[in-house]
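First the structure, in the form of structure tokens, and then the observations on it.
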Amino acid sequence: RALAVGLAAQGIAVLRFDKVTYEHTFKIAADPKLTLKRETVDDALAAVRFLKERKDVDASRIFVAGHSQGGFAMPLIVDADKDRAIKGTILLSGPSGKFADILVEQQQELIKRLKGLGADTAPYEQNAAQVKAVADMVNDPRYSVDRLPENFPLGSPYWWYEQRDYVPVELAKKQSGPMLVLQGENDWQVPVDQLEGWKSGLKDRTDVEYKSYPKVTHLLAEYDGVSTGSEYGQPANVAEAIVNDIAAWVKKLP
């Protein structure tokens, strides 16, 4: 909401909506074949189509912004936008690599940060081992959407295996269109090396801009300490610099 209000204050109309997994939690949980496309891509494109029909919106300047998994899915959204209705995309703390791998990385990053703070990391290391076991299962070539493992411990296994080989930056290499990639350097859930993945993977594209923010956490808020998630409950707004940078980027594009 803070991001939407901030952009609206600068003359940029914003449509935000709840994810289907939030709005229809039980229906989604009962669907054994949920896909990333149905969870994220379809509704984003439905929002674009809705905006195109509004007379108070410039249909030639519709941008899609995605945070975290929304950024992860952005190349899929662009790929599915067959009539090229999207002018540009904004990725906020979006992973550039595989989803299962980022879960392992974020646990390692959290443990590293907690050790630096002198905290007891034993419980976190146990959780990290469990996450690693799940990621190894997902990456195991013996399994697929046609041969799912039994007793999968993390939600619907179909969701994981359907997009197992999807690497956002690899798909984005084949695409074009203005893209703004923003990343908090104080983010342990999507560590800053994921931004480097975008930079190196898209080095041949001239339509992508990048920016990182030293204090910004995964919640897009500034935090003076080392983010470990313990501060997530504290009231905070999206960093003003992020709002201003998005607004300036949108307005400068022809």
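In the structure tokens, each chain is lettered A, B, ... as it comes, each chain's residues begin at 1, and ligands are numbered from 1 in order of appearance.
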
For this session: Please provide as a list in words all residues within 12 Å of A:Lys82, with the sequence filter that same-chain residues fewer than 5 positions apart are discarded (counting only C-alpha atoms).
Result: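 Surrounding residues, per the criterion: Leu45, Arg49, Leu76 and Ile77 of chain A.
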
For this session: Give me the residues within 7 Å of stretch 198-200 of chain A as a PyMOL selection string, counting only C-alpha atoms and dropping any in the same chain fewer than 4 places off.
Result: chain A and resi 96+169+194

For this session: Just the strand (DSSP E) stuff from stretch 26-131 of chain A, please, per backbone DSSP, written as a list in words.
Result: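 Taking stretch 26-131 of chain A and keeping strand (DSSP E) only, one gets Phe63, Val64, Ala65, Gly66, His67, Gly88, Thr89, Ile90, Leu91 and Leu92 of chain A.
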
Exercise. Atom CA of A:Gly66 to atom CA of A:Leu92: how many Å, to one decimal?
Worked result: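 Result for atom CA of A:Gly66 versus atom CA of A:Leu92: 6.0 Å, one decimal.
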
For this session: Could you check how far atom CA of A:Trp249 sits from atom CA of A:Leu180, in Å to one decimal?
Result: 7.9 Å

Problem set entry | Atom pair atom CA of A:Ser93 / atom CA of A:Gln183: separation (Å) | 4.8 Å

Residues of stretch 21-77 of chain A within 10 Å of stretch 131-155 of chain A: nearest atom pair and distance (Å, one decimal) for each, counting only C-alpha atoms, sorted by chain and number, as a Markdown table?
| residue | atom | partner | partner_atom | distance |
| --- | --- | --- | --- | --- |
| A:Ala29 | CA | A:Gly155 | CA | 8.0 |
| A:Pro32 | CA | A:Gly155 | CA | 9.2 |
| A:Lys33 | CA | A:Val145 | CA | 9.1 |

Please report, as a Markdown table, each residue of stretch 62-165 of chain A lying at most 10 Å from stretch 205-209 of chain A, together with the nearest pair of atoms and the separation in Å rounded to one decimal; use only C-alpha atoms, and order rows by chain and ascending residue number.
| residue | atom | partner | partner_atom | distance |
| --- | --- | --- | --- | --- |
| A:Gly88 | CA | A:Asp207 | CA | 9.6 |
| A:Thr89 | CA | A:Val208 | CA | 9.5 |
| A:Ile90 | CA | A:Glu209 | CA | 9.6 |

Output N, CA, C and O atoms for every residue in that selection, as an mmCIF file, in the first residue's frame.
data_model
loop_
_atom_site.group_PDB
_atom_site.id
_atom_site.type_symbol
_atom_site.label_atom_id
_atom_site.label_comp_id
_atom_site.auth_asym_id
_atom_site.auth_seq_id
_atom_site.Cartn_x
_atom_site.Cartn_y
_atom_site.Cartn_z
ATOM 1 N N GLY A 88 6.612 -1.808 -19.690
ATOM 2 C CA GLY A 88 7.853 -2.109 -18.998
ATOM 3 C C GLY A 88 7.579 -2.856 -17.706
ATOM 4 O O GLY A 88 6.438 -2.971 -17.262
ATOM 5 N N THR A 89 8.644 -3.370 -17.102
ATOM 6 C CA THR A 89 8.498 -4.171 -15.889
ATOM 7 C C THR A 89 9.450 -3.689 -14.799
ATOM 8 O O THR A 89 10.536 -3.167 -15.080
ATOM 9 N N ILE A 90 9.021 -3.888 -13.557
ATOM 10 C CA ILE A 90 9.809 -3.485 -12.396
ATOM 11 C C ILE A 90 9.926 -4.686 -11.471
ATOM 12 O O ILE A 90 8.911 -5.233 -11.028
#

For this session: Extract, using only C-alpha atoms, all DNA, RNA and protein residues at most 12 Å from A:Arg84, discarding same-chain residues fewer than 3 positions from it, and format them as a VMD selection string.
Result: chain A and resid 45 48 to 49 52 59 to 63 77 to 81 87 to 89 175 to 177

For this session: Please provide as a list of chain:residue names all residues within 12 Å of A:Gly116, with the sequence filter that same-chain residues fewer than 6 positions apart are discarded (counting only C-alpha atoms).
Result: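 Listing them by chain and then by number gives A:Glu109, A:Leu110, A:Gly225, A:Val226, A:Ser227, A:Thr228.
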
For this session: Go through stretch 118-177 of chain A and collect every residue that DSSP, computed from the backbone, puts in alpha helix (DSSP H); the answer should be as number ranges by chain.
Result: A: 122-139, 157-162, 168-172
